[in-house]
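Q: What follows is final_6.cif, made up of mmCIF, C-alpha atoms:
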```cif
data_query
#
loop_
_atom_site.label_atom_id
_atom_site.label_comp_id
_atom_site.auth_asym_id
_atom_site.auth_seq_id
_atom_site.Cartn_x
_atom_site.Cartn_y
_atom_site.Cartn_z
CA MET A 646 -120.97 -184.62 -57.17
CA VAL A 647 -120.75 -181.06 -55.75
CA LYS A 648 -118.56 -181.85 -52.70
CA ALA A 649 -115.68 -183.38 -54.59
CA PRO A 650 -114.12 -180.10 -55.73
CA MET A 651 -114.40 -178.67 -52.19
CA ASN A 652 -112.55 -181.62 -50.69
CA LYS A 653 -109.94 -181.28 -53.37
CA ASP A 654 -109.54 -177.57 -52.58
CA ARG A 655 -109.16 -178.31 -48.88
CA LYS A 656 -106.48 -180.88 -49.58
CA ASN A 657 -104.62 -178.41 -51.74
CA LEU A 658 -104.96 -175.76 -49.03
CA PHE A 659 -103.59 -178.10 -46.35
CA LYS A 660 -100.72 -179.06 -48.62
CA ILE A 661 -99.88 -175.38 -49.10
CA LEU A 662 -100.03 -174.77 -45.35
CA LEU A 663 -97.88 -177.80 -44.61
CA ILE A 664 -95.28 -176.68 -47.13
CA ILE A 665 -95.26 -173.16 -45.67
CA ASP A 666 -95.10 -174.49 -42.08
CA ALA A 667 -92.25 -176.81 -43.04
CA GLY A 668 -90.45 -173.85 -44.61
CA ILE A 669 -90.89 -171.75 -41.45
CA ILE A 670 -89.67 -174.57 -39.20
CA ALA A 671 -86.73 -175.21 -41.57
CA LEU A 672 -85.87 -171.50 -41.46
CA GLY A 673 -85.83 -171.68 -37.66
CA LEU A 674 -83.50 -174.69 -37.75
CA ILE A 675 -81.19 -172.99 -40.25
CA LEU A 676 -81.05 -169.84 -38.10
CA CYS A 677 -80.20 -171.92 -35.03
CA MET A 678 -77.31 -173.45 -36.98
CA VAL A 679 -76.14 -170.24 -38.66
CA LEU A 680 -76.34 -167.78 -35.76
CA PRO A 681 -73.08 -167.58 -33.76
CA GLN A 682 -73.37 -169.53 -30.53
CA ARG A 683 -72.70 -167.89 -27.17
CA TYR A 684 -71.95 -169.69 -23.91
CA THR A 685 -72.61 -168.21 -20.49
CA ALA A 686 -70.65 -169.10 -17.35
CA GLU A 687 -72.19 -168.19 -13.99
CA ALA A 688 -70.85 -167.73 -10.46
CA ILE A 689 -72.81 -167.05 -7.27
CA PHE A 690 -71.11 -165.46 -4.27
CA VAL A 691 -71.54 -163.12 -1.30
CA ARG A 692 -69.30 -160.39 0.05
CA VAL A 693 -68.09 -160.87 3.62
CA GLY A 694 -66.17 -158.61 6.00
CA VAL A 695 -66.06 -155.55 3.73
CA GLU A 696 -66.77 -153.06 6.52
CA MET A 697 -63.73 -151.23 7.83
CA GLU A 698 -63.34 -151.70 11.57
CA GLN A 699 -62.56 -148.52 13.45
CA ASN A 700 -62.79 -147.20 16.98
CA PRO A 701 -66.20 -145.53 17.50
CA LEU A 702 -64.55 -142.33 18.76
CA LEU A 703 -62.31 -141.96 15.73
CA ALA A 704 -65.08 -143.10 13.38
CA THR A 705 -66.91 -139.85 14.08
CA LEU A 706 -63.81 -137.83 13.19
CA LEU A 707 -61.75 -139.74 10.65
CA THR A 708 -63.54 -140.48 7.40
CA THR A 709 -62.13 -142.83 4.78
CA PRO A 710 -59.35 -141.12 2.78
CA ALA A 711 -60.50 -139.78 -0.58
CA ALA A 712 -58.01 -141.94 -2.48
CA VAL A 713 -59.47 -145.14 -1.07
CA PRO A 714 -63.12 -146.02 -1.82
CA ALA A 715 -65.35 -147.15 1.04
CA VAL A 716 -65.98 -150.71 -0.08
CA ALA A 717 -68.90 -151.29 2.17
CA VAL A 718 -71.01 -148.73 0.33
CA LEU A 719 -69.77 -149.51 -3.19
CA ASP A 720 -72.15 -151.41 -5.41
CA ILE A 721 -70.56 -154.58 -6.77
CA SER A 722 -71.58 -153.55 -10.31
CA ASN A 723 -69.60 -150.33 -9.95
CA ILE A 724 -66.57 -152.24 -8.68
CA VAL A 725 -66.65 -154.62 -11.66
CA SER A 726 -66.70 -151.69 -14.08
CA THR A 727 -63.65 -149.98 -12.53
CA ARG A 728 -60.49 -149.92 -14.60
CA TRP A 729 -58.61 -151.44 -11.67
CA VAL A 730 -60.63 -154.63 -12.17
CA LEU A 731 -60.97 -154.53 -15.96
CA ASP A 732 -57.26 -153.90 -16.59
CA ARG A 733 -56.25 -156.98 -14.64
CA ILE A 734 -58.73 -159.18 -16.50
CA ILE A 735 -57.64 -157.80 -19.89
CA ASP A 736 -53.92 -158.17 -19.25
CA ARG A 737 -54.00 -161.58 -17.60
CA HIS A 738 -55.97 -163.15 -20.46
CA ASN A 739 -54.62 -161.06 -23.33
CA LEU A 740 -58.16 -160.04 -24.28
CA MET A 741 -57.08 -157.20 -26.57
CA GLU A 742 -55.70 -159.77 -28.96
CA TYR A 743 -58.42 -162.34 -28.33
CA TYR A 744 -61.22 -159.91 -29.24
CA HIS A 745 -59.14 -158.10 -31.87
CA LYS A 746 -59.39 -154.68 -30.21
CA GLU A 747 -56.84 -151.94 -30.85
CA LYS A 748 -58.10 -149.37 -28.33
CA ARG A 749 -58.32 -149.94 -24.60
CA GLU A 750 -61.56 -147.98 -24.32
CA GLU A 751 -63.26 -150.31 -26.81
CA MET A 752 -62.15 -153.27 -24.72
CA TYR A 753 -63.55 -151.66 -21.57
CA GLU A 754 -66.95 -151.18 -23.19
CA LEU A 755 -67.01 -154.73 -24.53
CA LEU A 756 -66.23 -156.23 -21.13
CA LYS A 757 -68.88 -154.11 -19.43
CA LYS A 758 -71.43 -155.56 -21.85
CA LYS A 759 -70.24 -159.14 -21.38
CA ILE A 760 -70.02 -159.06 -17.58
CA LYS A 761 -73.45 -159.04 -16.01
CA VAL A 762 -74.04 -158.62 -12.27
CA LYS A 763 -77.27 -159.10 -10.37
CA VAL A 764 -77.48 -158.46 -6.63
CA LYS A 765 -80.36 -160.08 -4.75
CA PRO A 766 -82.03 -158.46 -1.72
CA ASP A 767 -80.30 -160.95 0.60
CA GLY A 768 -76.89 -159.79 -0.66
CA MET A 769 -76.22 -162.79 -2.89
CA VAL A 770 -74.47 -161.81 -6.14
CA ILE A 771 -74.98 -163.60 -9.47
CA LEU A 772 -72.17 -162.89 -11.94
CA THR A 773 -72.28 -164.10 -15.55
CA TYR A 774 -69.91 -163.86 -18.51
CA ARG A 775 -70.84 -164.71 -22.12
CA ASP A 776 -68.47 -165.73 -24.89
CA ARG A 777 -68.39 -167.83 -28.07
CA ASP A 778 -65.91 -170.22 -26.42
CA PRO A 779 -67.30 -172.08 -23.36
CA GLN A 780 -63.81 -172.50 -21.89
CA LYS A 781 -63.07 -168.79 -22.24
CA ALA A 782 -66.44 -167.90 -20.65
CA TYR A 783 -65.54 -170.06 -17.66
CA GLU A 784 -62.00 -168.66 -17.36
CA ILE A 785 -63.07 -165.01 -17.46
CA CYS A 786 -65.98 -165.54 -15.06
CA ASN A 787 -63.64 -167.26 -12.63
CA GLU A 788 -61.05 -164.50 -13.07
CA VAL A 789 -63.60 -161.77 -12.32
CA VAL A 790 -64.41 -163.44 -8.99
CA HIS A 791 -60.70 -163.64 -8.06
CA VAL A 792 -60.01 -160.03 -9.09
CA LEU A 793 -62.96 -158.82 -7.03
CA ASP A 794 -61.44 -160.50 -3.98
CA GLU A 795 -58.08 -158.86 -4.79
CA PHE A 796 -59.82 -155.50 -5.11
CA HIS A 797 -61.27 -155.80 -1.60
CA ARG A 798 -57.89 -156.84 -0.23
CA GLU A 799 -56.19 -153.87 -1.90
CA VAL A 800 -58.77 -151.41 -0.62
CA ARG A 801 -58.47 -152.79 2.89
CA PHE A 802 -54.67 -152.59 2.77
CA SER A 803 -54.73 -149.03 1.38
CA TYR A 804 -57.31 -147.97 3.93
CA TYR A 805 -55.33 -149.22 6.91
CA SER A 806 -52.07 -147.90 5.42
CA SER A 807 -53.59 -144.43 5.30
CA TYR A 808 -55.04 -144.89 8.78
CA LEU A 809 -51.63 -145.99 10.06
CA ALA A 810 -50.01 -142.95 8.44
CA PHE A 811 -52.36 -140.72 10.43
CA LEU A 812 -51.71 -142.61 13.68
CA GLU A 813 -47.94 -142.53 13.12
CA LYS A 814 -47.97 -138.77 12.47
CA ALA A 815 -50.21 -138.09 15.47
CA ARG A 816 -47.99 -140.29 17.65
CA LYS A 817 -44.80 -138.43 16.72
CA ASP A 818 -46.45 -135.04 17.21
CA LEU A 819 -47.74 -136.05 20.62
CA GLU A 820 -44.33 -137.36 21.69
CA LYS A 821 -42.83 -133.94 20.93
CA GLU A 822 -45.65 -132.11 22.71
CA ILE A 823 -45.43 -134.38 25.79
CA LYS A 824 -41.67 -133.78 25.92
CA ILE A 825 -42.23 -130.01 25.82
CA VAL A 826 -44.80 -130.19 28.66
CA GLU A 827 -42.52 -132.46 30.74
CA ASP A 828 -39.62 -130.01 30.29
CA SER A 829 -41.89 -127.14 31.32
CA ILE A 830 -42.92 -129.04 34.47
CA SER A 831 -39.28 -129.84 35.29
CA ARG A 832 -38.29 -126.17 34.97
CA PHE A 833 -41.27 -125.17 37.09
CA LEU A 834 -40.32 -127.63 39.85
CA LYS A 835 -36.73 -126.39 39.95
CA THR A 836 -37.64 -122.73 39.79
CA TYR A 837 -40.29 -122.79 42.53
CA ASN A 838 -38.91 -125.70 44.56
CA VAL A 839 -42.09 -127.73 44.34
CA TRP A 840 -42.07 -131.38 45.30
CA LEU A 841 -44.13 -133.49 42.88
CA ASP A 842 -45.54 -136.89 43.74
CA GLU A 843 -47.67 -139.20 41.64
CA THR A 844 -50.45 -139.20 44.25
CA GLY A 845 -50.80 -135.44 43.94
CA VAL A 846 -50.93 -135.59 40.16
CA LYS A 847 -53.55 -138.34 40.30
CA LYS A 848 -55.69 -136.36 42.72
CA LEU A 849 -55.43 -133.28 40.55
CA TYR A 850 -56.46 -135.23 37.47
CA GLU A 851 -59.42 -136.68 39.36
CA LEU A 852 -60.61 -133.14 40.08
CA LEU A 853 -61.00 -132.59 36.35
CA PRO A 854 -64.72 -133.16 35.62
CA GLU A 855 -65.21 -136.29 33.52
CA GLU A 856 -67.37 -134.51 30.94
CA LEU A 857 -64.76 -131.78 30.49
CA ARG A 858 -61.95 -134.33 30.30
CA GLU A 859 -63.77 -136.36 27.62
CA GLU A 860 -64.51 -133.18 25.68
CA ILE A 861 -60.84 -132.16 25.76
CA VAL A 862 -59.71 -135.64 24.66
CA LYS A 863 -62.19 -135.63 21.78
CA LYS A 864 -61.15 -132.13 20.75
CA GLU A 865 -57.47 -133.17 20.86
CA LEU A 866 -58.22 -136.08 18.53
CA GLU A 867 -60.30 -133.92 16.22
CA TYR A 868 -57.46 -131.42 16.02
CA ARG A 869 -54.95 -134.13 15.10
CA VAL A 870 -57.19 -135.59 12.41
CA THR A 871 -57.76 -132.15 10.89
CA ARG A 872 -54.07 -131.31 11.14
CA PHE A 873 -53.23 -134.53 9.28
CA LYS A 874 -55.75 -133.74 6.54
CA THR A 875 -55.38 -130.00 6.09
CA GLY A 876 -52.05 -129.08 7.66
CA LYS A 877 -50.99 -127.45 10.90
CA ASP A 878 -51.61 -123.86 9.76
CA SER A 879 -54.95 -124.36 8.03
CA PRO A 880 -57.85 -122.16 9.28
CA LEU A 881 -59.74 -125.22 10.53
CA SER A 882 -56.70 -126.53 12.43
CA ARG A 883 -56.17 -123.15 14.07
CA LYS A 884 -59.84 -122.95 15.00
CA LEU A 885 -59.74 -126.38 16.67
CA LYS A 886 -56.55 -125.42 18.50
CA GLU A 887 -58.30 -122.33 19.87
CA GLU A 888 -61.34 -124.39 20.91
CA THR A 889 -59.04 -126.84 22.74
CA GLU A 890 -57.36 -123.92 24.50
CA LEU A 891 -60.77 -122.62 25.66
CA LEU A 892 -61.50 -126.01 27.21
CA TYR A 893 -58.20 -125.91 29.12
CA GLN A 894 -59.10 -122.41 30.28
CA GLN A 895 -62.34 -123.83 31.69
CA TRP A 896 -60.20 -126.16 33.76
CA GLU A 897 -58.06 -123.24 34.92
CA GLU A 898 -61.20 -121.40 35.99
CA LEU A 899 -62.32 -124.40 38.03
CA VAL A 900 -58.91 -124.54 39.75
CA LYS A 901 -59.11 -120.80 40.47
CA ARG A 902 -62.52 -121.18 42.11
CA GLY A 903 -61.18 -124.04 44.22
CA ILE A 904 -58.32 -121.86 45.46
CA GLU A 905 -60.68 -119.02 46.35
CA LYS A 906 -62.85 -121.42 48.37
CA GLU A 907 -59.70 -123.07 49.83
CA LYS A 908 -61.02 -126.37 48.52
CA ASN A 909 -59.10 -129.30 46.99
CA ILE A 910 -55.68 -127.70 47.41
CA ILE A 911 -53.27 -130.38 46.19
CA PHE A 912 -50.00 -128.39 46.41
CA PRO A 913 -50.07 -126.26 49.63
CA SER A 914 -46.67 -124.69 48.86
CA LEU A 915 -48.25 -122.85 45.89
CA ARG A 916 -51.37 -121.87 47.75
CA GLU A 917 -50.21 -118.31 48.35
CA VAL A 918 -49.45 -117.80 44.67
CA PRO A 919 -52.70 -118.60 42.83
CA GLY A 920 -51.28 -117.75 39.42
CA LEU A 921 -48.48 -120.29 39.75
CA TYR A 922 -50.85 -122.88 41.17
CA ILE A 923 -53.16 -122.48 38.19
CA THR A 924 -50.28 -122.63 35.70
CA PHE A 925 -48.85 -125.72 37.36
CA SER A 926 -52.24 -127.42 37.47
CA ARG A 927 -52.73 -126.65 33.79
CA LEU A 928 -49.37 -128.19 32.88
CA LEU A 929 -50.10 -131.37 34.83
CA ALA A 930 -53.59 -131.73 33.40
CA GLU A 931 -52.28 -131.15 29.89
CA MET A 932 -49.60 -133.78 30.34
CA GLU A 933 -52.10 -136.34 31.63
CA ILE A 934 -54.56 -135.71 28.82
CA LYS A 935 -51.86 -135.90 26.16
CA ASN A 936 -50.63 -139.15 27.67
CA GLU A 937 -54.19 -140.51 27.60
CA VAL A 938 -54.57 -139.54 23.93
CA TYR A 939 -51.15 -141.01 23.19
CA GLY A 940 -52.08 -144.34 24.82
CA PHE A 941 -55.33 -144.42 22.89
CA LEU A 942 -53.58 -143.79 19.55
CA MET A 943 -50.88 -146.38 20.25
CA LYS A 944 -53.52 -149.00 20.95
CA GLU A 945 -55.25 -148.11 17.67
CA TYR A 946 -51.89 -148.21 15.86
CA TYR A 947 -51.06 -151.78 16.87
CA GLN A 948 -54.60 -152.97 16.15
CA ALA A 949 -54.57 -151.32 12.71
CA GLN A 950 -51.23 -152.98 11.89
CA THR A 951 -52.68 -156.38 12.75
CA LYS A 952 -55.84 -155.79 10.71
CA ARG A 953 -53.92 -154.51 7.69
CA ASN A 954 -51.64 -157.55 7.52
CA LYS A 955 -54.35 -160.08 8.32
CA GLU A 956 -55.04 -162.50 5.47
CA ARG A 957 -58.72 -163.04 4.79
CA THR A 958 -61.20 -163.72 2.00
CA PHE A 959 -63.78 -161.08 1.08
CA ILE A 960 -65.60 -163.07 -1.61
CA GLU A 961 -67.27 -166.25 -0.41
CA VAL A 962 -68.17 -168.34 -3.46
CA ILE A 963 -71.40 -170.30 -3.04
CA ASP A 964 -71.61 -171.74 -6.56
CA PRO A 965 -68.32 -171.58 -8.52
CA PRO A 966 -68.33 -171.09 -12.31
CA ARG A 967 -68.28 -174.15 -14.54
CA VAL A 968 -67.60 -174.73 -18.23
CA PRO A 969 -71.06 -174.40 -19.87
CA GLU A 970 -72.10 -177.51 -21.76
CA SER A 971 -74.82 -175.98 -23.94
CA PRO A 972 -75.03 -172.53 -25.56
CA SER A 973 -77.13 -169.85 -23.92
CA PHE A 974 -77.68 -168.27 -27.34
CA PRO A 975 -79.37 -169.19 -29.54
CA ASN A 976 -81.69 -171.16 -27.30
CA LYS A 977 -82.90 -173.86 -29.74
CA LYS A 978 -86.02 -174.75 -27.76
CA LEU A 979 -87.16 -171.14 -27.51
CA PHE A 980 -86.26 -170.50 -31.14
CA MET A 981 -88.22 -173.48 -32.42
CA LEU A 982 -91.18 -172.66 -30.15
CA ALA A 983 -91.20 -169.10 -31.49
CA PHE A 984 -91.14 -170.28 -35.13
CA LEU A 985 -93.85 -172.88 -34.41
CA LEU A 986 -96.11 -170.21 -32.93
CA PHE A 987 -95.34 -168.00 -35.92
CA ALA A 988 -96.32 -170.85 -38.28
CA ILE A 989 -99.64 -171.37 -36.44
CA PHE A 990 -100.29 -167.63 -36.51
CA PHE A 991 -99.54 -167.57 -40.25
CA ASP A 992 -101.90 -170.53 -40.85
CA VAL A 993 -104.74 -168.73 -39.06
CA LEU A 994 -104.18 -165.57 -41.07
CA TYR A 995 -103.95 -167.54 -44.34
CA LEU A 996 -107.14 -169.46 -43.64
CA GLU A 997 -108.96 -166.30 -42.73
CA PHE A 998 -107.73 -164.61 -45.90
CA THR A 999 -108.79 -167.53 -48.16
CA ARG A 1000 -112.18 -167.81 -46.43
CA LYS A 1001 -112.97 -164.20 -47.27
#
```
Before we go any further, please render this structure as structure tokens.
A:
Amino acid sequence: MVKAPMNKDRKNLFKILLIIDAGIIALGLILCMVLPQRYTAEAIFVRVGVEMEQNPLLATLLTTPAAVPAVAVLDISNIVSTRWVLDRIIDRHNLMEYYHKEKREEMYELLKKKIKVKVKPDGMVILTYRDRDPQKAYEICNEVVHVLDEFHREVRFSYYSSYLAFLEKARKDLEKEIKIVEDSISRFLKTYNVWLDETGVKKLYELLPEELREEIVKKELEYRVTRFKTGKDSPLSRKLKEETELLYQQWEELVKRGIEKEKNIIFPSLREVPGLYITFSRLLAEMEIKNEVYGFLMKEYYQAQTKRNKERTFIEVIDPPRVPESPSFPNKKLFMLAFLLFAIFFDVLYLEFTRK
């Protein structure tokens, strides 16, 4: 007779809990239906061939022009957030109107939030774009991948265009300088009645120590790079010109010592006039070195032209974006699991409260 009321109380308690649990679950279902759905499109790709190829000798002297970013060291997230990339995405898909934005800056910030980039340690890039329309999410995600490839192409083209501008300027300057040296040699030959043969010039050039020759060539290149960047009359250009002159003077000193020891005399007719012999040797060595630098730059010029105009892909897509079939938000399974756990937690608290 005593247990009947207790059983009745328990039944009432369970009914209350069931009603509350049903209300919590129903609230979760309603929220899943009411909350705006978002769809996420995903693309997986890797970057290939982004390093700029350059001759090792010039690589130590000629850095990438300031106006052109070094793609190889740019993080893909930074590239995506550049206005160069964002502007093309906005304009091609009329996103200002689609998202009802009046200011460009607001559109930039919105896109930066919607475009997510994750770079794995192996270099694989996962790019996602979220939108209320699954088709739009797919289109923008796909567009971002294409614009990134265009960005790399543009940077490569700009880089080699700037590099070619340097090579073209250095080539023209060297042609003028070689012409001046050749004219000076011609006047010297006529004035002092010296017979010049290619064998003699070759022997003279061979007498130039290889280390000194390489140092002069490198200094000549360094001077031309600096001249292109800072101008002919800049303090740094003048300093490099003086350093190059000191290296040529080292060669003159070597020739002078050879004359004093009567060793390696290539042009016997000038033997009695050491000053003229040294001057003539200097002119020939200068002409040979300038021709060597000129040949080196011309080779680089033609290679750079080929590389600039070469068509290639910089983004290799591993898993292309697809139209998402189910929303990424709200995730109904996670939502319902969360509300179920909340209902259980509430039941435990309620039971504990009623027990006390």
Q: Mind giving me the straight-line distance from CA of Gly668 (chain A) to CA of Ser971 (chain A) in Å, one decimal?
A: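 Between these atoms lies a distance of 26.0 Å.
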Q: For a quick check of understanding, using all atoms listed in the file, which of A:Thr999, A:Thr889, A:Gln682, A:Asn936 has the smallest distance to Glu820 (chain A)?
A: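 Using all atoms listed in the file, the shortest distance to Glu820 (chain A) belongs to A:Asn936.
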Q: Between CA of Glu751 (chain A) and CA of Arg728 (chain A), what is the distance in Å, rounded to a tenth?
A: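 Separation between CA of Glu751 (chain A) and CA of Arg728 (chain A): 12.5 Å.
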Q: Can you tell me how far CA of Ser829 (chain A) sits from CA of Leu928 (chain A), in Å to one decimal?
A: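 Calculated distance between CA of Ser829 (chain A) and CA of Leu928 (chain A) is 7.7 Å.
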Q: Could you check which of A:Ala949, A:Leu755, A:Ile760, A:Ala988 is closest to Ile721 (chain A), using all atoms listed in the file?
A: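 Looking only at the distances to Ile721 (chain A), the closest residue turns out to be A:Ile760.
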Q: Selection in question (the file shown): the PyMOL selection byres ((chain A and resi 685-690) around 9). Which residues does it include, as a PyMOL selection string?
A: chain A and resi 683-684+691-692+768-777+779-780+782-787+790+960-969+971-974
Q: Tell me which of A:Asp778, A:Tyr744, A:Gln948, A:Val725 sits closest to Lys757 (chain A), counting only C-alpha atoms.
A: A:Val725
Q: Would you give the centre and edge lengths, in Å to one decimal, of a box along x, y and z around the listed atoms of region 857-875 of chain A, with 8 Å added to each side, as lines of an AutoDock Vina configuration file?
A:
```
center_x = -59.0
center_y = -133.2
center_z = 18.3
size_x = 27.5
size_y = 22.4
size_z = 40.4
```
Q: Take the point (-55.1, -159.1, -15.6) as written in the file and pick out every residue within 12 Å of it, counting all atoms listed in the file; give the list as a list of chain:residue names.
A: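 Within the cut-off we find A:Arg728, A:Trp729, A:Val730, A:Leu731, A:Asp732, A:Arg733, A:Ile734, A:Ile735, A:Asp736, A:Arg737, A:His738, A:Asn739, A:Leu740, A:Met741, A:Glu784, A:Ile785, A:Glu788, A:Val789, A:His791, A:Val792, A:Leu793, A:Glu795.
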Q: Which residue, A:Phe873, A:Phe811, A:Trp896, A:Tyr995, has the smallest gap to Leu852 (chain A) when you use only C-alpha atoms?
A: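 Of A:Phe873, A:Phe811, A:Trp896, A:Tyr995, the one nearest Leu852 (chain A) is A:Trp896, counting only C-alpha atoms.
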Q: Taking 5 positions as the minimum chain separation for residues in the same chain, which residues sit within 9 Å of Glu937 (chain A) when counting all atoms listed in the file? Answer as a count of residues only.
A: 3
Q: Would you please work out which residue, of A:Arg655, A:His797, A:Lys824, A:Arg902, is nearest to Phe959 (chain A) when using all atoms listed in the file?
A: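 Answer, going by the shortest atom-to-atom distance: A:His797.
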Q: Around (-53.6, -137.8, 11.4) in the file's frame, which residues reach within 6 Å when counting all atoms listed in the file? Return as a ChimeraX atom specification?
A: /A:811-812,814-815,869-870,873
Q: Between A:Lys952, A:Lys901, A:Arg872, A:Arg858, which one has atoms that come closest to Glu933 (chain A), using all atoms listed in the file?
A: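 Closest to Glu933 (chain A) of all the choices is A:Arg858.
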Q: Leaving out Asp666 (chain A) and any residue of its chain fewer than 6 positions from it, which residues lie within 12 Å of it when counting all atoms listed in the file, given as a short mmCIF file (atom, residue, chain, number, x, y, z; two decimals) with C-alpha atoms, in the coordinates of the input?
A:
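Everything below was put into around-v3.cif:
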```cif
data_model
loop_
_atom_site.label_atom_id
_atom_site.label_comp_id
_atom_site.auth_asym_id
_atom_site.auth_seq_id
_atom_site.Cartn_x
_atom_site.Cartn_y
_atom_site.Cartn_z
CA PHE A 659 -103.59 -178.10 -46.35
CA LYS A 660 -100.72 -179.06 -48.62
CA LEU A 672 -85.87 -171.50 -41.46
CA GLY A 673 -85.83 -171.68 -37.66
CA MET A 981 -88.22 -173.48 -32.42
CA PHE A 984 -91.14 -170.28 -35.13
CA LEU A 985 -93.85 -172.88 -34.41
CA LEU A 986 -96.11 -170.21 -32.93
CA PHE A 987 -95.34 -168.00 -35.92
CA ALA A 988 -96.32 -170.85 -38.28
CA ILE A 989 -99.64 -171.37 -36.44
CA PHE A 990 -100.29 -167.63 -36.51
CA PHE A 991 -99.54 -167.57 -40.25
CA ASP A 992 -101.90 -170.53 -40.85
CA VAL A 993 -104.74 -168.73 -39.06
CA TYR A 995 -103.95 -167.54 -44.34
#
```
Q: Expand the PyMOL selection byres ((chain A and resi 954) around 12) into the explicit residue set it covers here, and present it as number ranges by chain.
A: A: 798-799, 801-806, 809, 947-953, 955-957
